[in-house]
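S.K.: Here you go, this is run-v1.txt (compact mmCIF, C-alpha atoms and all ligand atoms).
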# COMPACT_ATOMS: atom_id res chain seq x y z
CA MET A 267 -21.39 10.93 0.73
CA ASN A 268 -21.07 8.28 -1.93
CA GLN A 269 -22.11 9.58 -5.33
CA ILE A 270 -22.60 6.11 -6.85
CA SER A 271 -26.32 5.53 -6.57
CA GLU A 272 -26.62 2.11 -8.17
CA LYS A 273 -24.39 -0.90 -8.43
CA ARG A 274 -24.76 -2.05 -12.01
CA TYR A 275 -22.83 -4.45 -14.16
CA ARG A 276 -19.98 -2.83 -16.03
CA ASP A 277 -17.93 -4.79 -18.55
CA PRO A 278 -14.28 -4.68 -17.38
CA SER A 279 -13.09 -4.31 -20.98
CA SER A 280 -15.38 -1.43 -21.90
CA ASP A 281 -14.13 2.15 -21.39
CA GLN A 282 -17.66 3.28 -22.11
CA ASP A 283 -19.07 1.31 -19.17
CA TRP A 284 -16.63 2.99 -16.74
CA HIS A 285 -16.56 6.40 -18.34
CA ASP A 286 -18.93 8.08 -15.85
CA LEU A 287 -16.73 7.23 -12.88
CA ALA A 288 -13.90 9.56 -13.85
CA ALA A 289 -16.20 12.44 -12.88
CA GLN A 290 -16.05 11.22 -9.28
CA TRP A 291 -12.45 12.48 -9.09
CA ARG A 292 -11.05 15.96 -9.38
CA LEU A 293 -8.64 15.10 -12.20
CA ARG A 294 -6.38 17.62 -13.85
CA SER A 295 -7.26 17.83 -17.51
CA ASP A 296 -3.71 18.79 -18.52
CA SER A 297 -2.11 15.45 -17.68
CA ILE A 298 -2.57 11.69 -17.61
CA TYR A 299 -2.12 10.04 -14.23
CA LEU A 300 -0.94 6.44 -14.47
CA ASN A 301 0.67 6.40 -11.05
CA HIS A 302 -2.06 5.69 -8.53
CA GLY A 303 0.30 3.11 -7.03
CA SER A 304 2.59 5.83 -5.68
CA PHE A 305 0.10 8.44 -4.52
CA GLY A 306 -3.59 7.68 -4.85
CA LEU A 307 -6.18 10.29 -5.73
CA GLN A 308 -9.23 10.63 -3.53
CA PRO A 309 -12.67 10.74 -5.11
CA ASN A 310 -14.67 13.87 -4.39
CA CYS A 311 -16.90 12.18 -1.81
CA VAL A 312 -13.79 11.39 0.26
CA ARG A 313 -12.42 14.89 -0.17
CA TYR A 314 -15.73 16.35 0.99
CA ALA A 315 -15.98 13.96 3.94
CA ARG A 316 -12.53 15.06 5.01
CA ARG A 317 -13.42 18.74 4.70
CA GLY A 318 -16.46 18.13 6.88
CA TRP A 319 -14.23 16.75 9.63
CA ILE A 320 -11.76 19.61 9.28
CA ASP A 321 -14.60 22.12 9.57
CA ARG A 322 -15.90 20.45 12.72
CA LEU A 323 -12.43 20.61 14.22
CA ASP A 324 -11.70 24.17 13.16
CA GLU A 325 -14.99 25.66 14.31
CA GLN A 326 -14.72 24.39 17.88
CA PRO A 327 -11.53 22.42 18.67
CA MET A 328 -12.35 21.93 22.34
CA ASP A 329 -15.73 20.35 21.67
CA PHE A 330 -14.32 18.32 18.83
CA TYR A 331 -11.34 16.88 20.71
CA LEU A 332 -13.08 16.42 24.03
CA ARG A 333 -16.50 15.20 23.02
CA GLN A 334 -16.42 13.99 19.42
CA MET A 335 -13.03 12.71 18.40
CA GLU A 336 -12.55 9.50 20.37
CA SER A 337 -15.89 7.95 19.44
CA ALA A 338 -15.47 9.06 15.81
CA MET A 339 -11.98 7.53 15.71
CA LEU A 340 -13.29 4.29 17.15
CA GLU A 341 -16.09 4.15 14.61
CA ALA A 342 -13.61 4.72 11.79
CA ARG A 343 -11.30 2.03 13.20
CA VAL A 344 -14.18 -0.43 13.33
CA SER A 345 -14.86 0.23 9.67
CA VAL A 346 -11.20 -0.16 8.61
CA ALA A 347 -10.63 -3.20 10.83
CA GLU A 348 -13.67 -4.95 9.33
CA PHE A 349 -12.53 -4.03 5.83
CA VAL A 350 -9.11 -5.64 6.29
CA GLY A 351 -10.33 -8.64 8.28
CA THR A 352 -9.33 -7.95 11.86
CA SER A 353 -10.67 -6.24 14.99
CA THR A 354 -10.08 -2.87 16.59
CA ASP A 355 -8.11 -4.26 19.50
CA ARG A 356 -5.45 -5.25 16.94
CA LEU A 357 -5.41 -2.21 14.69
CA VAL A 358 -4.45 1.43 15.18
CA PHE A 359 -4.43 4.37 12.83
CA VAL A 360 -1.04 5.67 11.76
CA ASP A 361 -0.18 8.25 9.12
CA ASN A 362 0.95 5.73 6.52
CA ALA A 363 2.81 2.45 6.01
CA THR A 364 6.12 4.22 6.62
CA TYR A 365 4.97 5.40 10.03
CA GLY A 366 3.63 1.95 10.91
CA MET A 367 6.90 0.30 9.91
CA ASN A 368 8.78 2.80 12.08
CA VAL A 369 6.54 1.93 15.05
CA VAL A 370 7.51 -1.72 14.70
CA ALA A 371 11.21 -0.91 14.22
CA HIS A 372 11.08 1.36 17.28
CA SER A 373 9.54 -1.28 19.54
CA PHE A 374 10.79 -4.66 18.29
CA VAL A 375 13.59 -5.86 20.55
CA LEU A 376 16.78 -6.67 18.65
CA ARG A 377 19.98 -7.79 20.33
CA ALA A 378 23.57 -7.93 19.11
CA GLY A 379 23.94 -10.78 16.63
CA ASP A 380 20.23 -10.95 15.73
CA GLU A 381 19.29 -10.88 12.06
CA VAL A 382 16.41 -9.17 10.28
CA LEU A 383 15.66 -10.71 6.89
CA ILE A 384 14.60 -8.54 3.97
CA ASN A 385 14.90 -8.94 0.20
CA ASP A 386 15.77 -7.01 -2.91
CA HIS A 387 12.11 -6.33 -3.84
CA GLU A 388 11.38 -4.38 -0.67
CA TYR A 389 10.76 -0.64 -0.63
CA GLY A 390 13.93 1.44 -0.31
CA ALA A 391 12.75 3.40 2.72
CA VAL A 392 11.89 0.15 4.49
CA HIS A 393 15.50 -1.02 4.03
CA ARG A 394 16.62 2.26 5.60
CA ILE A 395 14.23 1.92 8.56
CA TRP A 396 15.53 -1.54 9.40
CA GLN A 397 19.17 -0.68 8.71
CA ARG A 398 18.90 2.00 11.37
CA ALA A 399 17.15 -0.32 13.83
CA CYS A 400 19.79 -3.01 13.26
CA ASP A 401 22.71 -0.54 13.52
CA ARG A 402 21.39 0.77 16.84
CA ASN A 403 21.30 -2.70 18.36
CA GLY A 404 24.30 -4.46 16.81
CA ALA A 405 21.93 -6.60 14.73
CA LYS A 406 22.39 -7.41 11.06
CA LEU A 407 20.06 -6.62 8.16
CA VAL A 408 20.34 -9.51 5.71
CA SER A 409 19.03 -8.71 2.23
CA LEU A 410 18.24 -11.72 0.05
CA THR A 411 18.35 -11.61 -3.71
CA LEU A 412 15.17 -13.27 -4.99
CA PRO A 413 15.16 -15.27 -8.26
CA GLU A 414 15.26 -13.27 -11.50
CA ARG A 415 12.03 -14.89 -12.64
CA PHE A 416 9.09 -15.65 -10.35
CA GLU A 417 8.02 -19.11 -11.45
CA SER A 418 6.01 -20.51 -8.56
CA GLN A 419 4.82 -19.57 -5.10
CA ASP A 420 6.83 -22.41 -3.59
CA GLN A 421 9.98 -21.14 -5.29
CA ILE A 422 9.61 -17.74 -3.61
CA VAL A 423 8.63 -19.13 -0.19
CA ASP A 424 11.57 -21.55 -0.35
CA ALA A 425 13.97 -18.76 -1.35
CA LEU A 426 12.89 -16.68 1.66
CA VAL A 427 13.05 -19.62 4.05
CA ALA A 428 16.54 -20.46 2.76
CA GLY A 429 17.66 -17.00 3.87
CA ALA A 430 16.65 -17.60 7.49
CA THR A 431 19.20 -18.73 10.06
CA ASP A 432 18.91 -19.53 13.75
CA ARG A 433 19.70 -15.84 14.37
CA THR A 434 16.77 -14.53 12.26
CA ARG A 435 14.24 -12.78 14.48
CA LEU A 436 12.08 -11.04 11.92
CA LEU A 437 11.15 -11.20 8.24
CA ILE A 438 10.13 -8.00 6.47
CA VAL A 439 8.13 -8.73 3.34
CA SER A 440 5.73 -6.84 1.10
CA HIS A 441 2.25 -8.10 0.37
CA ILE A 442 2.55 -6.43 -3.03
CA THR A 443 6.02 -5.18 -3.95
CA SER A 444 6.54 -1.54 -4.75
CA ALA A 445 8.82 -1.20 -7.77
CA THR A 446 8.05 -4.64 -9.24
CA ALA A 447 4.28 -4.76 -8.47
CA LEU A 448 4.34 -8.49 -7.60
CA ILE A 449 1.64 -10.03 -5.40
CA MET A 450 3.62 -12.15 -2.98
CA PRO A 451 2.31 -15.50 -1.67
CA ILE A 452 1.87 -13.84 1.67
CA LYS A 453 -0.18 -16.48 3.48
CA GLN A 454 2.31 -19.22 2.56
CA ILE A 455 5.21 -16.99 3.62
CA CYS A 456 3.61 -16.20 7.00
CA ASP A 457 2.86 -19.90 7.59
CA ALA A 458 6.39 -20.99 6.69
CA PHE A 459 7.95 -18.46 9.08
CA ALA A 460 5.42 -19.08 11.88
CA LYS A 461 6.48 -22.74 11.74
CA ARG A 462 10.07 -21.60 12.35
CA GLU A 463 8.96 -19.19 15.10
CA ILE A 464 10.27 -16.20 13.18
CA ALA A 465 8.11 -13.07 13.33
CA VAL A 466 6.80 -11.57 10.09
CA CYS A 467 6.12 -7.89 9.45
CA VAL A 468 4.11 -7.41 6.28
CA ASP A 469 4.56 -4.16 4.36
CA GLY A 470 1.12 -3.88 2.82
CA PRO A 471 0.26 -0.42 1.49
CA HIS A 472 -0.71 -1.74 -1.95
CA ALA A 473 -3.04 -4.43 -0.64
CA PRO A 474 -6.18 -2.76 0.84
CA ALA A 475 -8.80 -2.79 -1.96
CA GLN A 476 -6.37 -4.07 -4.61
CA VAL A 477 -6.66 -7.61 -3.19
CA GLU A 478 -9.00 -9.23 -0.73
CA LEU A 479 -7.49 -8.88 2.71
CA SER A 480 -8.15 -10.88 5.83
CA ILE A 481 -5.28 -10.08 8.13
CA ASP A 482 -6.34 -12.34 11.00
CA GLU A 483 -6.20 -15.30 8.64
CA LEU A 484 -2.65 -14.45 7.55
CA ASN A 485 -1.37 -15.12 11.04
CA CYS A 486 1.33 -12.49 10.63
CA ASP A 487 2.86 -10.60 13.55
CA PHE A 488 2.62 -7.08 12.15
CA TYR A 489 0.93 -5.59 9.09
CA THR A 490 1.36 -2.00 8.05
CA ALA A 491 -0.51 -0.18 5.27
CA SER A 492 -1.48 3.15 3.76
CA LEU A 493 -5.06 3.86 2.80
CA HIS A 494 -4.31 6.55 0.21
CA LYS A 495 -3.36 4.06 -2.45
CA TRP A 496 -5.90 1.58 -3.86
CA LEU A 497 -8.64 2.30 -1.32
CA CYS A 498 -8.52 6.00 -2.28
CA GLY A 499 -8.38 7.23 1.30
CA VAL A 500 -6.87 10.56 2.28
CA LEU A 501 -3.09 11.01 2.17
CA GLY A 502 -1.97 10.70 5.76
CA SER A 503 -4.16 7.71 6.60
CA GLY A 504 -2.82 4.26 7.27
CA PHE A 505 -2.94 1.53 9.86
CA LEU A 506 -0.78 -0.80 11.85
CA TYR A 507 -2.01 -4.27 12.79
CA VAL A 508 -0.32 -5.95 15.74
CA ASN A 509 -0.88 -9.57 16.64
CA PRO A 510 -1.96 -9.89 20.32
CA LYS A 511 1.29 -11.69 21.18
CA TRP A 512 3.14 -8.38 20.64
CA HIS A 513 0.72 -6.03 22.39
CA SER A 514 2.90 -5.71 25.45
CA VAL A 515 5.86 -4.67 23.28
CA ILE A 516 4.47 -2.16 20.80
CA GLN A 517 4.57 1.50 21.84
CA PRO A 518 3.95 4.68 19.88
CA PRO A 519 7.31 6.39 19.24
CA ILE A 520 5.53 9.68 19.93
CA LYS A 521 4.51 9.35 23.56
CA SER A 522 1.70 11.60 24.73
CA TRP A 523 -1.41 11.16 26.84
CA GLY A 524 -2.58 8.15 24.85
CA ARG A 525 -6.17 9.16 25.56
CA LEU A 526 -7.67 12.50 26.31
CA LEU A 527 -7.59 13.32 29.99
CA PRO A 528 -9.21 12.40 32.31
CA ALA A 529 -9.24 9.04 30.47
CA VAL A 530 -6.00 7.09 30.64
CA PRO A 531 -4.87 4.44 28.18
CA GLU A 532 -5.41 0.91 29.36
CA THR A 533 -4.56 -1.08 26.27
CA TRP A 534 -1.76 -0.91 23.70
CA ASP A 535 -4.07 0.56 21.04
CA GLU A 536 -5.37 3.33 23.28
CA GLU A 537 -1.81 4.64 23.50
CA PHE A 538 -2.17 5.62 19.82
CA THR A 539 -5.41 7.61 20.16
CA TRP A 540 -3.93 10.85 21.40
CA ILE A 541 -0.37 11.47 20.22
CA GLY A 542 -0.58 15.24 20.49
CA SER A 543 -2.92 17.87 19.04
CA ARG A 544 -3.29 17.04 15.38
CA ASP A 545 -5.73 16.80 12.51
CA PRO A 546 -7.39 13.38 12.56
CA SER A 547 -9.49 14.03 9.43
CA PRO A 548 -7.53 11.57 7.24
CA PHE A 549 -8.41 8.74 9.65
CA LEU A 550 -12.00 9.85 10.08
CA SER A 551 -12.53 9.92 6.30
CA ALA A 552 -11.51 6.28 5.85
CA PRO A 553 -15.12 5.01 6.12
CA ALA A 554 -16.08 7.31 3.22
CA ALA A 555 -13.39 5.70 1.05
CA ILE A 556 -14.59 2.22 2.00
CA GLU A 557 -18.18 3.21 1.25
CA PHE A 558 -17.13 4.59 -2.14
CA MET A 559 -15.22 1.50 -3.20
CA GLU A 560 -17.84 -0.89 -1.85
CA GLY A 561 -20.52 1.15 -3.60
CA ILE A 562 -18.84 0.43 -6.93
CA GLY A 563 -18.15 -3.13 -5.87
CA LEU A 564 -14.69 -4.39 -4.96
CA ALA A 565 -14.88 -7.34 -7.30
CA ALA A 566 -15.90 -5.05 -10.16
CA PHE A 567 -13.06 -2.63 -9.31
CA ARG A 568 -10.53 -5.46 -9.31
CA ASP A 569 -11.80 -6.88 -12.59
CA ARG A 570 -11.65 -3.51 -14.31
CA SER A 571 -8.30 -2.35 -12.93
CA ARG A 572 -6.74 -5.75 -13.67
CA TRP A 573 -8.17 -5.74 -17.16
CA LEU A 574 -6.63 -2.31 -17.77
CA ALA A 575 -3.30 -3.36 -16.23
CA ASN A 576 -3.29 -6.40 -18.49
CA TYR A 577 -4.09 -4.21 -21.50
CA ALA A 578 -1.13 -1.98 -20.63
CA GLU A 579 1.08 -5.01 -20.11
CA GLU A 580 0.20 -6.55 -23.47
CA ARG A 581 0.79 -3.34 -25.36
CA LEU A 582 4.07 -2.65 -23.53
CA THR A 583 5.49 -6.12 -24.07
CA GLU A 584 4.52 -5.95 -27.73
CA LEU A 585 6.25 -2.58 -28.13
CA LEU A 586 9.31 -3.24 -26.00
CA GLY A 587 9.89 -6.92 -26.76
CA THR A 588 10.38 -7.75 -23.07
CA THR A 589 8.45 -9.79 -20.51
CA PRO A 590 7.55 -9.13 -16.85
CA ILE A 591 9.31 -11.05 -14.08
CA GLY A 592 6.22 -13.16 -13.33
CA ASN A 593 3.28 -14.39 -15.33
CA ARG A 594 0.04 -12.44 -14.83
CA SER A 595 -2.05 -15.50 -15.62
CA GLU A 596 -0.45 -17.22 -12.62
CA GLY A 597 -1.59 -14.45 -10.29
CA TRP A 598 1.61 -12.44 -9.84
CA TYR A 599 0.01 -9.09 -10.72
CA GLY A 600 -3.11 -7.11 -9.88
CA SER A 601 -3.93 -3.49 -10.74
CA MET A 602 -0.37 -2.61 -11.73
CA THR A 603 1.97 -3.89 -14.38
CA HIS A 604 5.74 -3.80 -14.41
CA VAL A 605 7.53 -4.26 -17.71
CA PRO A 606 11.30 -4.11 -18.30
CA LEU A 607 12.58 -1.57 -20.82
CA PRO A 608 15.09 -2.75 -23.43
CA PRO A 609 18.79 -2.38 -22.50
CA GLY A 610 19.90 1.25 -22.34
CA ASP A 611 20.03 4.27 -20.08
CA TRP A 612 16.43 5.31 -19.52
CA SER A 613 17.14 7.58 -16.57
CA SER A 614 15.57 10.59 -18.27
CA LEU A 615 12.53 8.82 -19.77
CA GLN A 616 10.20 9.64 -16.88
CA SER A 617 10.91 13.35 -17.13
CA GLN A 618 10.64 13.25 -20.93
CA LEU A 619 7.20 11.65 -20.65
CA TRP A 620 6.14 14.33 -18.21
CA GLU A 621 7.67 17.30 -19.98
CA GLN A 622 6.68 16.33 -23.52
CA ILE A 623 3.27 14.69 -23.10
CA ALA A 624 2.34 15.29 -19.45
CA ILE A 625 2.07 11.60 -18.59
CA GLU A 626 2.80 10.72 -14.98
CA VAL A 627 4.26 7.21 -14.93
CA PRO A 628 7.27 5.91 -12.98
CA ILE A 629 10.37 4.65 -14.79
CA ILE A 630 12.19 2.63 -12.16
CA SER A 631 15.77 1.42 -12.12
CA GLY A 632 16.13 -2.29 -11.40
CA LYS A 633 19.25 -4.30 -10.64
CA ASN A 634 20.71 -3.99 -14.14
CA ASN A 635 17.92 -2.43 -16.12
CA TRP A 636 15.07 0.06 -16.26
CA ASN A 637 11.38 -0.73 -15.95
CA ILE A 638 8.06 0.96 -16.41
CA ARG A 639 5.26 0.52 -13.86
CA VAL A 640 1.73 1.39 -14.92
CA SER A 641 -1.07 1.69 -12.36
CA SER A 642 -4.73 1.45 -13.35
CA HIS A 643 -7.57 2.84 -11.29
CA LEU A 644 -11.16 3.54 -12.21
CA TYR A 645 -10.50 6.98 -13.70
CA ASN A 646 -8.01 5.49 -16.19
CA ASN A 647 -8.86 4.16 -19.64
CA THR A 648 -7.35 2.52 -22.71
CA THR A 649 -6.97 5.82 -24.56
CA GLN A 650 -4.55 6.96 -21.87
CA VAL A 651 -2.57 3.74 -22.20
CA ASP A 652 -2.54 4.13 -25.99
CA THR A 653 -1.18 7.67 -25.59
CA LEU A 654 1.59 6.30 -23.39
CA ILE A 655 2.41 3.59 -25.92
CA LYS A 656 2.61 6.10 -28.77
CA ALA A 657 4.90 8.34 -26.73
CA LEU A 658 7.11 5.42 -25.75
CA TYR A 659 7.32 4.30 -29.35
CA ARG A 660 8.66 7.71 -30.29
CA LEU A 661 11.01 8.04 -27.32
CA THR A 662 12.45 4.52 -27.30
CA SER A 663 12.94 3.74 -30.99
C1 LIG B 1 5.76 -1.54 -0.71
C2 LIG B 1 5.74 -0.15 -0.16
N1 LIG B 1 6.00 0.04 1.14
C3 LIG B 1 5.94 1.26 1.70
C4 LIG B 1 5.62 2.37 0.95
C5 LIG B 1 5.51 3.70 1.63
O1 LIG B 1 4.18 4.11 1.60
P1 LIG B 1 3.78 5.49 2.31
O2 LIG B 1 4.60 6.56 1.64
O3 LIG B 1 2.33 5.65 2.06
O4 LIG B 1 4.14 5.35 3.73
C6 LIG B 1 5.37 2.25 -0.40
C7 LIG B 1 5.05 3.42 -1.22
O5 LIG B 1 4.88 3.38 -2.40
C8 LIG B 1 5.41 0.95 -0.98
O6 LIG B 1 5.15 0.77 -2.27
Let me see whether you can do it: turn the structure in this file into structure tokens.
M.R.:
Amino acid sequence: MNQISEKRYRDPSSDQDWHDLAAQWRLRSDSIYLNHGSFGLQPNCVRYARRGWIDRLDEQPMDFYLRQMESAMLEARVSVAEFVGTSTDRLVFVDNATYGMNVVAHSFVLRAGDEVLINDHEYGAVHRIWQRACDRNGAKLVSLTLPERFESQDQIVDALVAGATDRTRLLIVSHITSATALIMPIKQICDAFAKREIAVCVDGPHAPAQVELSIDELNCDFYTASLHKWLCGVLGSGFLYVNPKWHSVIQPPIKSWGRLLPAVPETWDEEFTWIGSRDPSPFLSAPAAIEFMEGIGLAAFRDRSRWLANYAEERLTELLGTTPIGNRSEGWYGSMTHVPLPPGDWSSLQSQLWEQIAIEVPIISGKNNWNIRVSSHLYNNTTQVDTLIKALYRLTS
């Protein structure tokens, strides 16, 4: 159940106004968590909702699976599909974005000589997924190097389009990039590739809640996401959107009954309902996460988390004397910031920050440098950022 009883105005720049919300999470008091972008924390109401589902399953599995699960799954899918701007006939639950991407790679038909286009801002595991799919079929994974500085949306769309050839069958692109935290001009990218009849698979785990999402309007072919990040769903909950033109192609890699007998699957999405006996509580708890975030107000969440990310960015750039790849004021960043570290070997900085001051923040190697990525959610505050800055001052000077 959502613990937020009233939606009231909170000033995005005031720690005091947001202070009460930290109590909604079970936060460890011995450390500072500035890495919601990697693994999100669930608020207590979501943790309790999940436990409720686990209890219902554990106390009588037969009744739960046979008589409760399918309708509960459908209800949860309706809620998630509405939240991300699509319908249930186009969206299935999967464990996470990784799983969803593997479903697409498993089903998408590639032939010898075909090309799959990816770029150097994509998630490492996603490169691996498509390298394997290409290797199996004699296709080629082509990885583009995007410009060093992101100056305009057109520049990025043009750079991606320039990488396409008449052999390109599929573009893999993040909605919000992982290591570099950039919000990509995803609608423009999808439109440009649709015009060239090249399919687009969007890797979107950072998007739900962090940005407004209306997948049907994107006109992409596939969209895969995790719900444990900015939406604060349970780890092990995600979804895969499939445009109707691919419904005859997409299959779950884990083939089972599809539905619980005596029902048999009749549509592509029903094939994903029953993929073996498993715990569906992460999926069933998704509506609780949506209710929690909507209870606070998505616009208010975005304003606050972006304000905090901007605060971190300003303090980091001041300390480090570097600038991010794109300009925040032009819309390249949301609830995360990504700031280059000065030249040097910073490979042990992340563990120093953890071991010496118990701050959890990723230090990420780039092409020729190291970067820090700071995530801001509603349990974070400026004091935590200031602690990070003080520690970095000591460790980097
Ligand atoms: C852009 C991107 N894609 C995919 C993933 C994988 O997400 P998950 O581990 O939830 O499947 C991540 C994780 O951080 C990511 O940032």
S.K.: Would you list the contacts of Ala575 in chain A as a list in words, taking every protein, DNA or RNA residue within 6 Å and counting only C-alpha atoms, but skipping same-chain residues closer than 3 positions in sequence?
M.R.: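 Neighbouring residues, sequence-local ones excluded: Arg572, Ala578, Ser601, Met602, Thr603 and Ser642 of chain A.
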S.K.: Selected residues, C-alpha atoms, written as a compact mmCIF listing (two decimals), keeping the file's coordinate frame, please.
M.R.:
# COMPACT_ATOMS: atom_id res chain seq x y z
CA ARG A 572 -6.74 -5.75 -13.67
CA ALA A 578 -1.13 -1.98 -20.63
CA SER A 601 -3.93 -3.49 -10.74
CA MET A 602 -0.37 -2.61 -11.73
CA THR A 603 1.97 -3.89 -14.38
CA SER A 642 -4.73 1.45 -13.35
S.K.: For chain A against ligand LIG 1 (chain B), with a cut-off of 7 Å and counting all atoms listed in the file, what is the closest atom pair and its distance in Å to one decimal for every residue that makes the cut, ordered by chain and number, as CSV?
M.R.:
residue,atom,partner,partner_atom,distance
A:Gly303,CA,B:LIG1,O5,6.5
A:Ser304,CA,B:LIG1,O5,4.7
A:Asn362,CA,B:LIG1,O4,4.3
A:Ala363,CA,B:LIG1,O4,3.9
A:Thr364,CA,B:LIG1,O4,3.7
A:Tyr365,CA,B:LIG1,O4,6.4
A:Glu388,CA,B:LIG1,C1,6.3
A:Tyr389,CA,B:LIG1,C2,5.1
A:Val392,CA,B:LIG1,C3,6.7
A:Ser440,CA,B:LIG1,C1,5.6
A:Ile442,CA,B:LIG1,C1,6.3
A:Thr443,CA,B:LIG1,C1,4.9
A:Ser444,CA,B:LIG1,O6,3.7
A:Ala445,CA,B:LIG1,O6,6.9
A:Asp469,CA,B:LIG1,N1,5.5
A:Gly470,CA,B:LIG1,C1,6.3
A:Pro471,CA,B:LIG1,C2,5.7
A:His472,CA,B:LIG1,O6,6.4
A:Ser492,CA,B:LIG1,O3,4.9
A:His494,CA,B:LIG1,O3,7.0
S.K.: Counting all atoms listed in the file, figure out which residue out of A:Tyr314, A:Tyr299, A:Trp636, A:Phe538 gets nearest to Thr653 in chain A.
M.R.: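 Result for the nearest residue to Thr653 in chain A: A:Tyr299.
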S.K.: Name the residues within 12 Å of (6.0, -6.6, 28.9), counting all atoms listed in the file in the file's coordinates, and put them as a list of chain:residue names.
M.R.: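 Every polymer residue passing the test: A:Ser373, A:Phe374, A:Val375, A:Lys511, A:Trp512, A:His513, A:Ser514, A:Val515, A:Ile516, A:Gln517, A:Trp534.
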S.K.: Quick one: pull the distance between CA of Leu564 in chain A and CA of Ile638 in chain A, Å, one decimal.
M.R.: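 Spanning CA of Leu564 in chain A to CA of Ile638 in chain A is a straight-line distance of 26.0 Å.
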S.K.: Contacts between range 322-346 of chain A and range 356-459 of chain A, please, where a residue of range 356-459 of chain A counts if it comes within 8 Å (with all atoms listed in the file); show its shortest atom pair and distance in Å to one decimal, rows by chain and ascending number, as JSON lines.
M.R.:
{"residue": "A:Leu357", "atom": "CA", "partner": "A:Arg343", "partner_atom": "CA", "distance": 7.4}
{"residue": "A:Val358", "atom": "CA", "partner": "A:Arg343", "partner_atom": "CA", "distance": 7.2}
{"residue": "A:Phe359", "atom": "CA", "partner": "A:Arg343", "partner_atom": "CA", "distance": 7.3}
S.K.: When you draw a straight line from CA of Cys311 in chain A to CA of Phe549 in chain A, how long is it in Å?
M.R.: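 If I compute the distance from CA of Cys311 in chain A to CA of Phe549 in chain A, I get 14.7 Å.
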S.K.: Mind giving me the straight-line distance from CA of Gly504 in chain A to CA of Val466 in chain A in Å, one decimal?
M.R.: 18.7 Å
S.K.: What are the centre and edge lengths in Å, to one decimal, of the axis-aligned box around all listed atoms of range 393-399 of chain A with 8 Å added on each side, as JSON?
M.R.:
{"center_x": 16.7, "center_y": 0.4, "center_z": 8.9, "size_x": 20.9, "size_y": 19.8, "size_z": 25.8}
S.K.: Can you pull out every residue within 8 Å of His372 in chain A, counting only C-alpha atoms, but drop anything in the same chain fewer than 3 positions away, and send it as a ChimeraX atom specification?
M.R.: /A:368-369,399,517,519
S.K.: Okay, now the selection with C-alpha atoms, as a JSON list (two decimals), in the coordinates of the input?
M.R.:
[["chain", "number", "residue", "atom", "x", "y", "z"],
["A", 368, "ASN", "CA", 8.78, 2.80, 12.08],
["A", 369, "VAL", "CA", 6.54, 1.93, 15.05],
["A", 399, "ALA", "CA", 17.15, -0.32, 13.83],
["A", 517, "GLN", "CA", 4.57, 1.50, 21.84],
["A", 519, "PRO", "CA", 7.31, 6.39, 19.24]]
S.K.: Between A:Thr434, A:Thr648, A:Thr446, A:Asn593, which has the minimum distance to Gln419 in chain A (counting all atoms listed in the file)?
M.R.: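 Of the candidates, the smallest distance to Gln419 in chain A is held by A:Asn593.
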S.K.: So which residues fall inside 12 Å of (2.3, -8.4, 6.9) if we count all atoms listed in the file? Mind giving them as an MDAnalysis selection string?
M.R.: chainID A and resid 350 363 366:367 370 436:443 450:457 459 465:474 479:491 505:509
S.K.: Starting from the incomplete input, reconstruct N, CA and C atoms of range 384-393 of chain A and report them as a tab-separated table (two decimals), keeping the file's coordinate frame.
M.R.:
chain	number	residue	atom	x	y	z
A	384	ILE	N	15.35	-9.38	4.91
A	384	ILE	CA	14.60	-8.54	3.97
A	384	ILE	C	14.98	-9.03	2.58
A	385	ASN	N	14.47	-8.47	1.53
A	385	ASN	CA	14.90	-8.94	0.20
A	385	ASN	C	14.96	-7.78	-0.78
A	386	ASP	N	15.48	-8.08	-1.96
A	386	ASP	CA	15.77	-7.01	-2.91
A	386	ASP	C	14.53	-6.47	-3.62
A	387	HIS	N	13.33	-6.93	-3.28
A	387	HIS	CA	12.11	-6.33	-3.84
A	387	HIS	C	11.43	-5.40	-2.85
A	388	GLU	N	12.04	-5.22	-1.69
A	388	GLU	CA	11.38	-4.38	-0.67
A	388	GLU	C	11.62	-2.90	-0.95
A	389	TYR	N	10.74	-2.09	-0.41
A	389	TYR	CA	10.76	-0.64	-0.63
A	389	TYR	C	12.03	-0.04	-0.01
A	390	GLY	N	12.65	0.88	-0.75
A	390	GLY	CA	13.93	1.44	-0.31
A	390	GLY	C	13.89	2.03	1.09
A	391	ALA	N	12.83	2.76	1.40
A	391	ALA	CA	12.75	3.40	2.72
A	391	ALA	C	12.64	2.36	3.82
A	392	VAL	N	12.03	1.22	3.49
A	392	VAL	CA	11.89	0.15	4.49
A	392	VAL	C	13.27	-0.46	4.80
A	393	HIS	N	14.11	-0.60	3.78
A	393	HIS	CA	15.50	-1.02	4.03
A	393	HIS	C	16.17	-0.04	5.00
